[in-house]
Structures are given as structure tokens and as C-alpha cells.
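Heads up, the thing below is written out as C-alpha cells.
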Amino acid sequence: MTPAARISAAIEVLQDIVERRRPAADSLKDWGLSRRFAGSKDRAAIASLVYDALRRKASSSYAMASETPRALVLGMLAGLRGMGVAEIAELCSGENHAPQPLSDDETALLTAFSVEGAPDWVQADVPEWLWPSFRAGLGEAAIAEGEALAARAPIDLRVNRLKAGRDAVLRDLAHLQPEPAPWSPDALRFQPGHDGRGPSLQTEPGFFAGAFEVQDEGSQLVTLLAGAKPGQTVIDLCAGAGGKTLALAALMADRGSLYATDLDSRRLAPLHDRLARSGAGIVEVRIPRSRGHEPFADIAGQVDLVLVDAPCTGSGTWRRNPDAKWRVRPGALAERIKDQAEVLARAGRLVKPGGRIAYITCSVLPEENDEAISAFLGKHPGFSVLAPIDVLKGAESDFSLLARFGTAHGLQLSPRRTGTDGFYLACLRRGTKSL
């Protein structure tokens, strides 16, 4: 396919996303299945165009005075990819599957392309209804934080301590030009290419051997700071596909008892193969029999650490899931807040006196972070918050610089602050008296 034909395809996919209100990945998959002539490079380029257009949906709509898929793509080519009007016009010839020629209005808007004077939420490329909450969570830098969340994300991996060291993996992957990530001692980073994609790490021999897993450095950091120690009893209460479970096993040096579960047992399916690769022998996966079933009734009140990777809006991962920010609705936020309260209460019943809850979200919204902790503390006076500086002091490495990202109850990471996804961590300790 020609570059111009790929642009037409991206416009077509975006139209399907808008009309059917479906995830971008589903529309892209269906488009590829129905267009067998498109090769893997074509599909990758089209996906990059679609996701880049979604990253800048608000600003492109404003600058182009239109919310049509065509306007989103044209605006993205100018605003994100830095193309000039002549270059865009050359691609829009109307010939050989190229988009139709630019109108006079489009030419004028592209020539004057700017979001100067636009509302803050437009400049930040954040949904309008979410802007008050977004700004409350990130303060005066909220526009810059939104811009960072609209950028492309690097690809990070976590070296599996049970099987390899970072230097060895760095050498093995030298042909892919990795670099040590700035915070986590186990993280390596790969910058995205021109098309927004990173290397295919899951085809490397080291991946099959279990030497590393793909995991954002922010996810690694909050797991490391949760405070799991060798020999402890630990539960990953919302384990999903198991990224944090695997990281916990390595941090525990495969000594102790580590349990993984999730209310949606289907999400646990990938964990079994990942565990086999990792070499971790301390993990026991427990699947709830029903919504109300507690698979840890036998160890309730005996657990050293309960890690709660709480269900949330995912606002901190918009770099990787740019369509998600436009699909989230106020009702979904309210539902997530309810889920977070329930899972925190459940964790409170499982942790032992003197034990710890590590509450984690991939969100930058205060309702899901500090406010969720405040609500929990109001109903569970037997718990107290560990000050962020104390959480950092207890870590194996010197993370004192992260203290500047402390909030009322925890730590808030973000692409602009730490170069990671937007993760939040708060640690709670149960008192030694009965609850």
C-alpha cells in the first residue's frame, strides 16, 4: 500500500470506531481480516496512524474545526507528525486510493494550525468532562501532563532476577539498542521508532527462556515499593495476566508464599504460561468459585502483604491506550470507585496485624487515588497510611528523588514526572489491635 492509501485506510478505521463505538484494536483487526492484500507493515502503519489520531483527538478537532475522522487524521499529520500543507496535499490527491484533495477550508486551517487560545482540556487532549478531576490530581502542570500522556510511550522490560541479570540481558539485546531505564534496577527501555512501534521482544530467545518480561517501569516501581520480602506470605488480589505477580516472585527471591487471584478468572489465563517461563515456584493461583466466594478464607488475617492493583479508569496508561480516554464515561468512573472500595475492604480482612496493603492504580485521578484511601481510612480506623518518604526509605535502592512526587497519602508517577505510565501507590499498615 502507498502512504496515501494507508491514510485513507486509517480514516476508514476511525469511521468504524466512531460509528460502532468500539475499541480501536477491534476495528483494526476487522479491517485487516477483510483486506488480505494489506501486509504486516501496512497494518502496523495504519494502526500507528489511527492511534496517533486518537492521541490528539481534541486538539485536532479544535484546530480543524471538525470532529470527522478525516479532520482527526489531517490534524494529526500537521500537529503531531509535523507535516506541512504541501506535503499533506500531495498525499491527498484523490488518486489510487488516496484521500480526496484538500478543500480550501482545510488548506487554510492546516496553514494556520494552532491550539493557541483553546480551552485547557483541548490543549491537554483530555476529555472535557474529566478535566476538573485531571487538573485536581496534577495541578498547575496539568496541561503539560496531558500532552505527555498524549505522546508515544517507550517499551520497557523487566529483567527476571530469578534467571538473569540486567547487564546480561542488555548484552543479549544489544542489537535492539536498549538502554537502562532511569529508576528501576531491573528495567531496560526501547524508544519507539518512526512508526510508533518498538522492537518485537516477544520473539527473542531471552523472552522464551524467561529472562525478561515486557512491563512498564512505573509498574515495576510500584511493585518494588510495595515492600514484599523473601519468606513472607503475599497476595496479589487483582492479578490479571500476572505482571506484578511475576515481579513479586522475583523480589521475594522465590521464597515464601505468593498467591494470585482475580475476580475475573478469564484474566488469569495468560499467567500460567508466564509462570512456567519465569521459573517461579512459590506462586499459587486461586480462582474464586463465584463473585462472593473468598478463596483466601483459610489465611484471612495472616497475610504480610496484600497488593491491590485496583480496577480503575486507566487514565495513567493513555499513552499506550489512546482510544480508552475517549471511551471512558462518568458512569464508569463511579463504578470503578465502588470496585476500589470493595477490594480495599477485602484486603483489610486478609492482612495480618502489623501487615501492609499496597494500593495501586494506573490512574492520575484523585477520586481513584488519595480520595479512595481517605474513604477507606474513614471506615477502617485500625489502619494508618505509611508516609511516602517511609515507603521509599524501606526500598532496596535509593529512590529518595521520588519523594517530590508525594501526595496526601501516596506517590503519583506520570510520563512527565518520571517518564513512566501514570501509576499511583499508597501503602497502609494494619494496627496490632483487633479491627
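Each chain in the C-alpha cells gets a letter, A, B, ..., in the order shown, and its residues are numbered from 1; ligands are numbered from 1 in order too.
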
Can you list, as an NGL selection string, every residue of segment 136-334 of chain A that DSSP puts in strand (DSSP E)?
:A and (155-159 or 179-180 or 187-190 or 212-214 or 233-236 or 257-260 or 283-285 or 303-309)

Please provide as a list in words all residues within 10 Å of Gln123 of chain A, with the sequence filter that same-chain residues fewer than 6 positions apart are discarded (counting only C-alpha atoms).
Arg56, Ala58, Ser59, Ser60, Tyr62, Ser114, Val115, Glu116, Gly117, Ala142, Ile143, Ala144, Gly146 and Glu147 of chain A

Which residues, written as a list in words, have at least one atom at most 10 Å from Gly75 of chain A, with only C-alpha atoms counted and residues fewer than 2 positions away on the same chain left out?
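Non-adjacent residues within range: Ala53, Arg56, Lys57, Ala58, Ser59, Ser60, Ser61, Tyr62, Ala63, Met64, Ala65, Ser66, Pro69, Arg70, Ala71, Leu72, Val73, Leu77, Ala78, Gly79, Leu80, Arg81, Gly82, Met83, Glu106, Leu109, Leu110, Phe113 and Ser114 of chain A.
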
Selected residues written out, N, CA, C and O atoms, as a tab-separated table (two decimals), in the first residue's frame:
```tsv
chain	number	residue	atom	x	y	z
A	53	ALA	N	-3.86	9.60	15.70
A	53	ALA	CA	-5.02	10.49	15.54
A	53	ALA	C	-5.84	10.55	16.83
A	53	ALA	O	-6.33	11.62	17.22
A	56	ARG	N	-4.39	12.82	19.68
A	56	ARG	CA	-4.59	14.27	19.54
A	56	ARG	C	-6.00	14.62	19.08
A	56	ARG	O	-6.22	15.61	18.40
A	57	LYS	N	-6.97	13.81	19.49
A	57	LYS	CA	-8.34	13.99	19.01
A	57	LYS	C	-8.89	15.37	19.35
A	57	LYS	O	-9.46	16.05	18.48
A	58	ALA	N	-8.74	15.82	20.58
A	58	ALA	CA	-9.32	17.11	20.98
A	58	ALA	C	-8.63	18.28	20.29
A	58	ALA	O	-9.29	19.18	19.77
A	59	SER	N	-7.30	18.26	20.27
A	59	SER	CA	-6.58	19.38	19.67
A	59	SER	C	-6.76	19.42	18.16
A	59	SER	O	-6.90	20.50	17.56
A	60	SER	N	-6.79	18.26	17.51
A	60	SER	CA	-7.01	18.23	16.06
A	60	SER	C	-8.42	18.70	15.71
A	60	SER	O	-8.61	19.46	14.76
A	61	SER	N	-9.40	18.27	16.49
A	61	SER	CA	-10.78	18.71	16.24
A	61	SER	C	-10.91	20.22	16.37
A	61	SER	O	-11.58	20.87	15.57
A	62	TYR	N	-10.23	20.77	17.37
A	62	TYR	CA	-10.29	22.22	17.58
A	62	TYR	C	-9.62	22.95	16.42
A	62	TYR	O	-10.19	23.89	15.85
A	63	ALA	N	-8.42	22.54	16.08
A	63	ALA	CA	-7.66	23.25	15.04
A	63	ALA	C	-8.29	23.11	13.66
A	63	ALA	O	-8.20	24.02	12.83
A	64	MET	N	-8.95	21.97	13.41
A	64	MET	CA	-9.55	21.71	12.11
A	64	MET	C	-11.04	22.05	12.08
A	64	MET	O	-11.71	21.85	11.05
A	65	ALA	N	-11.58	22.52	13.22
A	65	ALA	CA	-12.99	22.92	13.31
A	65	ALA	C	-13.93	21.80	12.88
A	65	ALA	O	-14.97	22.04	12.27
A	66	SER	N	-13.55	20.55	13.20
A	66	SER	CA	-14.36	19.40	12.80
A	66	SER	C	-13.93	18.18	13.61
A	66	SER	O	-12.75	18.04	13.95
A	69	PRO	N	-13.47	11.83	11.16
A	69	PRO	CA	-12.23	11.07	11.10
A	69	PRO	C	-11.19	11.69	10.16
A	69	PRO	O	-9.99	11.68	10.47
A	70	ARG	N	-11.65	12.23	9.04
A	70	ARG	CA	-10.70	12.87	8.12
A	70	ARG	C	-10.01	14.06	8.80
A	70	ARG	O	-8.79	14.23	8.69
A	71	ALA	N	-10.77	14.87	9.52
A	71	ALA	CA	-10.19	16.02	10.21
A	71	ALA	C	-9.19	15.58	11.27
A	71	ALA	O	-8.14	16.21	11.45
A	72	LEU	N	-9.51	14.49	11.98
A	72	LEU	CA	-8.60	13.99	13.00
A	72	LEU	C	-7.27	13.56	12.40
A	72	LEU	O	-6.20	13.82	12.96
A	73	VAL	N	-7.33	12.88	11.26
A	73	VAL	CA	-6.09	12.41	10.63
A	73	VAL	C	-5.29	13.58	10.06
A	73	VAL	O	-4.07	13.67	10.26
A	77	LEU	N	-1.54	14.75	11.28
A	77	LEU	CA	-0.38	14.84	10.39
A	77	LEU	C	0.33	16.18	10.56
A	77	LEU	O	1.56	16.26	10.52
A	78	ALA	N	-0.45	17.23	10.80
A	78	ALA	CA	0.14	18.56	10.99
A	78	ALA	C	0.63	18.75	12.42
A	78	ALA	O	1.77	19.18	12.64
A	79	GLY	N	-0.21	18.42	13.39
A	79	GLY	CA	0.10	18.74	14.78
A	79	GLY	C	1.06	17.80	15.46
A	79	GLY	O	1.88	18.23	16.28
A	80	LEU	N	1.00	16.51	15.12
A	80	LEU	CA	1.87	15.53	15.78
A	80	LEU	C	3.05	15.14	14.91
A	80	LEU	O	4.19	15.07	15.38
A	81	ARG	N	2.80	14.90	13.63
A	81	ARG	CA	3.87	14.45	12.76
A	81	ARG	C	4.60	15.59	12.05
A	81	ARG	O	5.58	15.35	11.35
A	82	GLY	N	4.11	16.81	12.23
A	82	GLY	CA	4.83	17.97	11.74
A	82	GLY	C	4.88	18.14	10.24
A	82	GLY	O	5.79	18.79	9.71
A	83	MET	N	3.91	17.59	9.53
A	83	MET	CA	3.89	17.73	8.08
A	83	MET	C	3.38	19.12	7.68
A	83	MET	O	2.48	19.66	8.29
A	106	GLU	N	-9.86	23.37	4.47
A	106	GLU	CA	-8.85	22.51	5.09
A	106	GLU	C	-7.45	23.08	4.88
A	106	GLU	O	-6.62	23.07	5.80
A	109	LEU	N	-7.02	25.96	7.29
A	109	LEU	CA	-6.89	25.53	8.68
A	109	LEU	C	-5.55	24.85	8.94
A	109	LEU	O	-4.94	25.05	10.00
A	110	LEU	N	-5.08	24.07	7.98
A	110	LEU	CA	-3.78	23.43	8.14
A	110	LEU	C	-2.66	24.47	8.10
A	110	LEU	O	-1.66	24.34	8.82
A	113	PHE	N	-2.60	26.08	11.47
A	113	PHE	CA	-2.83	25.07	12.51
A	113	PHE	C	-2.28	25.53	13.86
A	113	PHE	O	-1.09	25.82	14.02
A	114	SER	N	-3.19	25.60	14.85
A	114	SER	CA	-2.79	26.05	16.18
A	114	SER	C	-3.90	25.75	17.18
A	114	SER	O	-5.08	25.72	16.82
```

Could you tell me how far atom CA of Arg255 of chain A lies from atom CA of Ile299 of chain A, in Å and to one decimal?
17.7 Å

Which residues are close to Leu130 of chain A, i.e. within 9 Å by only C-alpha atoms, leaving aside same-chain residues fewer than 5 positions away? Reply as a ChimeraX atom specification.
/A:121,135,329-330,365

Could you give me, as a PyMOL selection string, the residues within 12 Å of Asp16 of chain A, counting only C-alpha atoms and dropping anything in the same chain fewer than 3 positions from it?
chain A and resi 9-13+19-31+50+68-69

So, counting only C-alpha atoms, which residue among A:Asp186, A:Asp309, A:Asp42, A:Asp370 is closest to Thr261 of chain A?
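Using only C-alpha atoms, the shortest distance to Thr261 of chain A belongs to A:Asp309.
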
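With only C-alpha atoms as the atoms that count, the minimum distance from Ala387 of chain A to the choices A:Ala324, A:Leu305, A:Leu49, A:Ala408 is reached by A:Ala408.
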
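Ranking A:Arg349, A:Pro288, A:Ala4, A:Val283 by their shortest atom-to-atom distance to Glu95 of chain A, with only C-alpha atoms included, puts A:Ala4 first.
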
How far is it from atom CA of Leu258 of chain A to atom CA of Asp273 of chain A, in Å with one decimal?
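Atom-to-atom, atom CA of Leu258 of chain A to atom CA of Asp273 of chain A, that is 16.7 Å.
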
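Atom CA of Leu74 of chain A is found 7.6 Å from atom CA of Ile88 of chain A.
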